[in-house]
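Just upload_23.json here, JSON, C-alpha atoms:
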```
[["chain", "number", "residue", "atom", "x", "y", "z"],
["W", 1, "MET", "CA", 72.64, -31.89, 33.26],
["W", 2, "ALA", "CA", 69.65, -32.04, 30.89],
["W", 3, "PHE", "CA", 68.61, -28.98, 28.92],
["W", 4, "PRO", "CA", 65.35, -27.02, 29.19],
["W", 5, "ALA", "CA", 63.36, -26.83, 25.97],
["W", 6, "VAL", "CA", 60.53, -24.97, 24.35],
["W", 7, "PHE", "CA", 58.25, -27.29, 22.41],
["W", 8, "VAL", "CA", 56.30, -25.42, 19.74],
["W", 9, "ASP", "CA", 53.34, -26.42, 17.62],
["W", 10, "ARG", "CA", 53.75, -25.57, 13.92],
["W", 11, "ASP", "CA", 50.49, -24.67, 12.14],
["W", 12, "GLY", "CA", 48.75, -21.68, 13.70],
["W", 13, "THR", "CA", 51.60, -21.14, 16.16],
["W", 14, "LEU", "CA", 54.82, -20.60, 14.20],
["W", 15, "MET", "CA", 53.13, -20.02, 10.86],
["W", 16, "GLU", "CA", 49.72, -18.97, 9.62],
["W", 17, "GLU", "CA", 47.09, -21.68, 9.78],
["W", 18, "VAL", "CA", 46.47, -23.15, 6.33],
["W", 19, "ASN", "CA", 44.02, -26.01, 6.42],
["W", 20, "TYR", "CA", 46.20, -29.07, 5.70],
["W", 21, "CYS", "CA", 49.14, -27.08, 4.32],
["W", 22, "SER", "CA", 50.76, -29.05, 1.51],
["W", 23, "ASP", "CA", 52.30, -26.24, -0.55],
["W", 24, "PRO", "CA", 55.48, -24.43, 0.51],
["W", 25, "LYS", "CA", 54.18, -21.28, -1.23],
["W", 26, "LEU", "CA", 51.52, -21.01, 1.50],
["W", 27, "VAL", "CA", 53.99, -20.90, 4.41],
["W", 28, "ARG", "CA", 53.89, -17.54, 6.22],
["W", 29, "VAL", "CA", 55.86, -17.33, 9.46],
["W", 30, "PHE", "CA", 54.25, -14.95, 11.96],
["W", 31, "PRO", "CA", 56.10, -11.63, 12.33],
["W", 32, "GLY", "CA", 58.78, -11.60, 15.01],
["W", 33, "THR", "CA", 58.80, -15.38, 15.41],
["W", 34, "PRO", "CA", 62.39, -16.00, 14.21],
["W", 35, "GLU", "CA", 63.77, -13.36, 16.58],
["W", 36, "ALA", "CA", 61.71, -14.70, 19.50],
["W", 37, "LEU", "CA", 63.06, -18.22, 18.92],
["W", 38, "ARG", "CA", 66.61, -16.84, 18.75],
["W", 39, "ASP", "CA", 66.06, -15.12, 22.12],
["W", 40, "LEU", "CA", 65.03, -18.48, 23.60],
["W", 41, "LYS", "CA", 68.13, -20.15, 22.11],
["W", 42, "ARG", "CA", 70.38, -17.44, 23.57],
["W", 43, "ALA", "CA", 68.79, -18.09, 26.97],
["W", 44, "GLY", "CA", 69.80, -21.75, 26.77],
["W", 45, "TYR", "CA", 66.60, -23.41, 25.58],
["W", 46, "ARG", "CA", 66.41, -26.12, 22.97],
["W", 47, "VAL", "CA", 63.62, -25.40, 20.46],
["W", 48, "VAL", "CA", 61.62, -28.38, 19.23],
["W", 49, "ILE", "CA", 58.67, -28.46, 16.82],
["W", 50, "ILE", "CA", 55.89, -30.92, 17.72],
["W", 51, "THR", "CA", 53.19, -31.21, 15.06],
["W", 52, "ASN", "CA", 50.24, -33.42, 14.17],
["W", 53, "GLN", "CA", 49.98, -33.90, 10.41],
["W", 54, "ALA", "CA", 46.74, -35.83, 9.96],
["W", 55, "GLY", "CA", 46.59, -34.71, 6.33],
["W", 56, "ILE", "CA", 49.15, -37.42, 5.57],
["W", 57, "GLY", "CA", 47.04, -40.13, 7.20],
["W", 58, "ARG", "CA", 43.91, -38.83, 5.48],
["W", 59, "GLY", "CA", 45.62, -38.88, 2.08],
["W", 60, "TYR", "CA", 45.34, -35.10, 1.55],
["W", 61, "PHE", "CA", 49.08, -34.79, 0.99],
["W", 62, "THR", "CA", 52.19, -36.96, 1.01],
["W", 63, "GLU", "CA", 55.03, -37.13, 3.47],
["W", 64, "ALA", "CA", 57.23, -35.59, 0.77],
["W", 65, "GLN", "CA", 54.87, -32.60, 0.59],
["W", 66, "TYR", "CA", 55.02, -32.28, 4.39],
["W", 67, "HIS", "CA", 58.83, -32.21, 4.22],
["W", 68, "ALA", "CA", 58.74, -29.53, 1.49],
["W", 69, "VAL", "CA", 56.50, -27.34, 3.67],
["W", 70, "HIS", "CA", 58.78, -27.96, 6.65],
["W", 71, "ALA", "CA", 61.87, -27.01, 4.61],
["W", 72, "GLU", "CA", 60.22, -23.71, 3.66],
["W", 73, "LEU", "CA", 59.33, -23.06, 7.31],
["W", 74, "ILE", "CA", 62.95, -23.65, 8.34],
["W", 75, "HIS", "CA", 64.12, -21.37, 5.51],
["W", 76, "GLN", "CA", 61.78, -18.56, 6.64],
["W", 77, "LEU", "CA", 62.82, -18.97, 10.29],
["W", 78, "GLY", "CA", 66.42, -18.38, 9.21],
["W", 79, "ASP", "CA", 69.74, -18.98, 10.87],
["W", 80, "GLY", "CA", 70.27, -20.11, 14.41],
["W", 81, "VAL", "CA", 72.55, -18.64, 17.05],
["W", 82, "ASN", "CA", 76.36, -18.84, 16.97],
["W", 83, "GLY", "CA", 76.37, -21.62, 14.39],
["W", 84, "VAL", "CA", 73.79, -23.69, 16.28],
["W", 85, "PRO", "CA", 70.62, -24.43, 14.26],
["W", 86, "LEU", "CA", 67.52, -22.57, 15.42],
["W", 87, "ILE", "CA", 65.43, -25.74, 15.57],
["W", 88, "ASP", "CA", 66.95, -28.61, 17.56],
["W", 89, "GLY", "CA", 64.43, -31.19, 16.40],
["W", 90, "THR", "CA", 61.11, -31.70, 14.66],
["W", 91, "TYR", "CA", 58.67, -34.48, 15.47],
["W", 92, "PHE", "CA", 55.51, -35.08, 13.46],
["W", 93, "CYS", "CA", 52.70, -37.57, 13.69],
["W", 94, "PRO", "CA", 51.02, -38.53, 10.39],
["W", 95, "ASP", "CA", 48.22, -40.47, 12.05],
["W", 96, "ALA", "CA", 44.66, -39.29, 11.50],
["W", 97, "PRO", "CA", 41.93, -39.62, 14.09],
["W", 98, "PRO", "CA", 40.48, -41.90, 15.25],
["W", 99, "THR", "CA", 43.77, -43.80, 15.11],
["W", 100, "ASP", "CA", 44.88, -44.64, 18.63],
["W", 101, "SER", "CA", 48.42, -43.25, 18.64],
["W", 102, "PRO", "CA", 50.65, -42.46, 21.63],
["W", 103, "ARG", "CA", 52.44, -39.87, 19.45],
["W", 104, "ARG", "CA", 49.40, -37.89, 18.30],
["W", 105, "LYS", "CA", 48.72, -34.82, 20.42],
["W", 106, "PRO", "CA", 47.18, -34.55, 22.98],
["W", 107, "GLU", "CA", 49.19, -37.67, 23.86],
["W", 108, "PRO", "CA", 52.74, -36.76, 24.96],
["W", 109, "GLY", "CA", 54.60, -39.39, 22.90],
["W", 110, "MET", "CA", 56.44, -36.99, 20.60],
["W", 111, "VAL", "CA", 57.52, -34.79, 23.51],
["W", 112, "LEU", "CA", 58.75, -37.79, 25.50],
["W", 113, "GLU", "CA", 60.59, -39.08, 22.43],
["W", 114, "ALA", "CA", 62.28, -35.69, 21.94],
["W", 115, "ALA", "CA", 63.17, -35.47, 25.64],
["W", 116, "GLY", "CA", 64.96, -38.79, 25.48],
["W", 117, "GLU", "CA", 66.77, -38.11, 22.22],
["W", 118, "LEU", "CA", 67.74, -34.50, 22.95],
["W", 119, "ASP", "CA", 68.54, -34.76, 26.69],
["W", 120, "ILE", "CA", 65.70, -32.47, 27.79],
["W", 121, "ASP", "CA", 64.58, -31.72, 31.35],
["W", 122, "LEU", "CA", 60.80, -31.59, 31.01],
["W", 123, "SER", "CA", 60.34, -29.98, 34.44],
["W", 124, "ARG", "CA", 62.16, -26.86, 33.15],
["W", 125, "SER", "CA", 60.49, -26.92, 29.73],
["W", 126, "TRP", "CA", 57.53, -25.24, 28.06],
["W", 127, "PHE", "CA", 54.98, -26.07, 25.36],
["W", 128, "ILE", "CA", 53.53, -23.31, 23.15],
["W", 129, "GLY", "CA", 50.49, -24.02, 20.99],
["W", 130, "ASP", "CA", 47.19, -22.75, 19.66],
["W", 131, "LYS", "CA", 44.94, -25.69, 20.54],
["W", 132, "THR", "CA", 43.73, -27.56, 23.59],
["W", 133, "ALA", "CA", 45.56, -30.65, 22.28],
["W", 134, "ASP", "CA", 48.86, -28.74, 22.53],
["W", 135, "ILE", "CA", 48.16, -27.65, 26.09],
["W", 136, "GLU", "CA", 47.11, -31.15, 27.17],
["W", 137, "CYS", "CA", 50.19, -32.64, 25.49],
["W", 138, "GLY", "CA", 52.52, -30.27, 27.31],
["W", 139, "ARG", "CA", 50.77, -30.78, 30.62],
["W", 140, "SER", "CA", 50.85, -34.59, 30.26],
["W", 141, "ALA", "CA", 54.58, -34.43, 29.50],
["W", 142, "GLY", "CA", 55.26, -32.31, 32.59],
["W", 143, "THR", "CA", 55.97, -28.94, 30.94],
["W", 144, "ARG", "CA", 54.48, -25.52, 31.59],
["W", 145, "THR", "CA", 52.10, -24.43, 28.86],
["W", 146, "ILE", "CA", 51.24, -21.30, 26.91],
["W", 147, "LEU", "CA", 48.21, -20.93, 24.63],
["W", 148, "VAL", "CA", 48.78, -18.39, 21.86],
["W", 149, "HIS", "CA", 45.88, -16.51, 20.30],
["W", 150, "THR", "CA", 47.11, -17.03, 16.75],
["W", 151, "GLY", "CA", 45.71, -19.85, 14.61],
["W", 152, "TYR", "CA", 42.83, -21.47, 16.48],
["W", 153, "GLY", "CA", 43.95, -20.07, 19.83],
["W", 154, "ALA", "CA", 41.60, -17.09, 19.92],
["W", 155, "LYS", "CA", 38.62, -19.49, 19.79],
["W", 156, "GLU", "CA", 39.91, -22.00, 22.36],
["W", 157, "ILE", "CA", 37.68, -21.89, 25.41],
["W", 158, "HIS", "CA", 38.40, -25.29, 26.95],
["W", 159, "SER", "CA", 42.15, -24.96, 27.34],
["W", 160, "LYS", "CA", 43.56, -24.40, 30.77],
["W", 161, "PRO", "CA", 47.13, -23.27, 30.01],
["W", 162, "ASP", "CA", 49.53, -21.93, 32.60],
["W", 163, "PHE", "CA", 49.74, -18.71, 30.54],
["W", 164, "MET", "CA", 48.08, -17.12, 27.52],
["W", 165, "ALA", "CA", 49.84, -14.91, 24.99],
["W", 166, "LYS", "CA", 49.05, -12.95, 21.86],
["W", 167, "ASP", "CA", 51.64, -14.85, 19.81],
["W", 168, "VAL", "CA", 54.99, -16.64, 19.97],
["W", 169, "VAL", "CA", 56.79, -13.33, 20.53],
["W", 170, "ALA", "CA", 54.76, -12.66, 23.68],
["W", 171, "ALA", "CA", 55.05, -16.31, 24.73],
["W", 172, "ALA", "CA", 58.85, -16.09, 24.50],
["W", 173, "GLN", "CA", 58.80, -13.06, 26.77],
["W", 174, "ILE", "CA", 56.69, -14.96, 29.32],
["W", 175, "ILE", "CA", 59.18, -17.83, 29.24],
["W", 176, "LEU", "CA", 62.19, -15.54, 29.61],
["W", 177, "GLN", "CA", 60.54, -13.70, 32.52],
["W", 178, "ASN", "CA", 59.71, -16.98, 34.27],
["W", 179, "SER", "CA", 62.97, -18.85, 33.66],
["W", 180, "ASP", "CA", 64.89, -20.18, 36.58],
["W", 181, "ALA", "CA", 68.52, -19.14, 36.93],
["W", 182, "THR", "CA", 69.82, -22.58, 35.92],
["W", 183, "THR", "CA", 68.53, -22.06, 32.37],
["W", 184, "ARG", "CA", 71.18, -19.44, 31.61]]
```
The structure in this file should be written as structure tokens.
Amino acid sequence: MAFPAVFVDRDGTLMEEVNYCSDPKLVRVFPGTPEALRDLKRAGYRVVIITNQAGIGRGYFTEAQYHAVHAELIHQLGDGVNGVPLIDGTYFCPDAPPTDSPRRKPEPGMVLEAAGELDIDLSRSWFIGDKTADIECGRSAGTRTILVHTGYGAKEIHSKPDFMAKDVVAAAQIILQNSDATTR
């Protein structure tokens, strides 16, 4: 049986929005986020980061710099649950608009790729993000969606998520309250 997952945007959702973050010293995970992700893991969800990184395609930073920022994010998120890593997978798209890419959000390519590689049941999965592109990506992939009001989320007026939440902590509570019994 495939696993449910929570797909999570990175910048503005898990960590403070830094315009084209290329320096690990600028990574600031939102308070309570590591614990919220651990709660989701304990409930049986896989946790997968899905992130557009157009700064690579625009030449603002290198892929090596992206990986350094990601390593710091993983460090700040901390340990997983019972020896299982907290993050089951990370998928990033370096393409900058207007590149036509099936992986760049709002297209669902990265989510579909993760679902195939990580044995994920999209019908029991969620997507959390702070932009309309995140919500459209999740919806196109067949997940339920939550718009958080961190990052750009407070200014999003065109998104039509299934739920809205203050932050990832509140989003995790929504997911846990709306989980079906087969998740546990």
How many Å lie between CA of Thr145 in chain W and CA of Ser159 in chain W, rounded to one decimal? 10.1 Å
List every protein, DNA or RNA residue with an atom no more than 12 Å from (63.1, -35.9, 20.9) in the file's coordinates, counting only C-alpha atoms, and format the result as a count of residues only. 31
Quick one: distance from CA of Lys155 in chain W to CA of Lys131 in chain W in Å, one decimal?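 Straight-line distance from CA of Lys155 in chain W to CA of Lys131 in chain W works out to 8.9 Å.
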For range 15-29 of chain W, list every protein, DNA or RNA residue within 7 Å, evaluated using all atoms listed in the file, and leave out those in the same chain fewer than 4 positions away; present the list as an MDAnalysis selection string. chainID W and resid 10:11 33 55 61 65:66 68:69 72:73 76 151
Kindly provide the residues of range 13-120 of chain W that approach range 160-168 of chain W to within 9 Å, each paired with its closest atom pair and their distance in Å to one decimal, based on all atoms listed in the file, listed by chain and increasing number, as a Markdown table.
```
| residue | atom | partner | partner_atom | distance |
| --- | --- | --- | --- | --- |
| W:Thr13 | CA | W:Val168 | CA | 6.8 |
| W:Leu14 | CA | W:Val168 | CA | 7.0 |
| W:Phe30 | CA | W:Val168 | CA | 8.2 |
| W:Gly32 | CA | W:Val168 | CA | 8.0 |
| W:Thr33 | CA | W:Val168 | CA | 6.1 |
| W:Ala36 | CA | W:Val168 | CA | 7.0 |
| W:Leu37 | CA | W:Val168 | CA | 8.3 |
```
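Between CA of Ala54 in chain W and CA of Lys105 in chain W there is a distance of 10.7 Å.
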At a cut-off of 9 Å, using all atoms listed in the file, what residues contact Glu156 in chain W? Leave out same-chain residues fewer than 2 positions from it and give the result as a list in words.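 Returned residues: Asp130, Lys131, Thr132, Leu147, His149, Tyr152, Gly153, Ala154, His158 and Ser159 of chain W.
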Atoms added to range 132-145 of chain W (N, CA and C atoms), reported as a PDB file, in the coordinates of the input:
```
ATOM      1  N   THR W 132      43.825 -26.812  22.341  1.00  0.00           N
ATOM      2  CA  THR W 132      43.730 -27.560  23.590  1.00  0.00           C
ATOM      3  C   THR W 132      44.629 -28.796  23.546  1.00  0.00           C
ATOM      4  N   ALA W 133      44.713 -29.458  22.399  1.00  0.00           N
ATOM      5  CA  ALA W 133      45.560 -30.650  22.280  1.00  0.00           C
ATOM      6  C   ALA W 133      47.020 -30.333  22.603  1.00  0.00           C
ATOM      7  N   ASP W 134      47.490 -29.146  22.228  1.00  0.00           N
ATOM      8  CA  ASP W 134      48.860 -28.740  22.530  1.00  0.00           C
ATOM      9  C   ASP W 134      49.053 -28.569  24.034  1.00  0.00           C
ATOM     10  N   ILE W 135      48.085 -27.917  24.650  1.00  0.00           N
ATOM     11  CA  ILE W 135      48.160 -27.650  26.090  1.00  0.00           C
ATOM     12  C   ILE W 135      48.112 -28.965  26.869  1.00  0.00           C
ATOM     13  N   GLU W 136      47.213 -29.857  26.488  1.00  0.00           N
ATOM     14  CA  GLU W 136      47.110 -31.150  27.170  1.00  0.00           C
ATOM     15  C   GLU W 136      48.372 -31.983  26.969  1.00  0.00           C
ATOM     16  N   CYS W 137      48.952 -31.921  25.777  1.00  0.00           N
ATOM     17  CA  CYS W 137      50.190 -32.640  25.490  1.00  0.00           C
ATOM     18  C   CYS W 137      51.309 -32.144  26.401  1.00  0.00           C
ATOM     19  N   GLY W 138      51.483 -30.847  26.457  1.00  0.00           N
ATOM     20  CA  GLY W 138      52.520 -30.270  27.310  1.00  0.00           C
ATOM     21  C   GLY W 138      52.310 -30.603  28.774  1.00  0.00           C
ATOM     22  N   ARG W 139      51.079 -30.481  29.211  1.00  0.00           N
ATOM     23  CA  ARG W 139      50.770 -30.780  30.620  1.00  0.00           C
ATOM     24  C   ARG W 139      51.054 -32.250  30.926  1.00  0.00           C
ATOM     25  N   SER W 140      50.629 -33.153  30.046  1.00  0.00           N
ATOM     26  CA  SER W 140      50.850 -34.590  30.260  1.00  0.00           C
ATOM     27  C   SER W 140      52.337 -34.939  30.289  1.00  0.00           C
ATOM     28  N   ALA W 141      53.142 -34.185  29.541  1.00  0.00           N
ATOM     29  CA  ALA W 141      54.580 -34.430  29.500  1.00  0.00           C
ATOM     30  C   ALA W 141      55.315 -33.802  30.674  1.00  0.00           C
ATOM     31  N   GLY W 142      54.633 -32.936  31.419  1.00  0.00           N
ATOM     32  CA  GLY W 142      55.260 -32.310  32.590  1.00  0.00           C
ATOM     33  C   GLY W 142      55.874 -30.952  32.326  1.00  0.00           C
ATOM     34  N   THR W 143      55.452 -30.280  31.237  1.00  0.00           N
ATOM     35  CA  THR W 143      55.970 -28.940  30.940  1.00  0.00           C
ATOM     36  C   THR W 143      54.956 -27.889  31.390  1.00  0.00           C
ATOM     37  N   ARG W 144      55.414 -26.643  31.442  1.00  0.00           N
ATOM     38  CA  ARG W 144      54.480 -25.520  31.590  1.00  0.00           C
ATOM     39  C   ARG W 144      53.939 -25.215  30.205  1.00  0.00           C
ATOM     40  N   THR W 145      52.780 -24.602  30.138  1.00  0.00           N
ATOM     41  CA  THR W 145      52.100 -24.430  28.860  1.00  0.00           C
ATOM     42  C   THR W 145      51.675 -22.989  28.613  1.00  0.00           C
TER      43      THR W 145
END
```
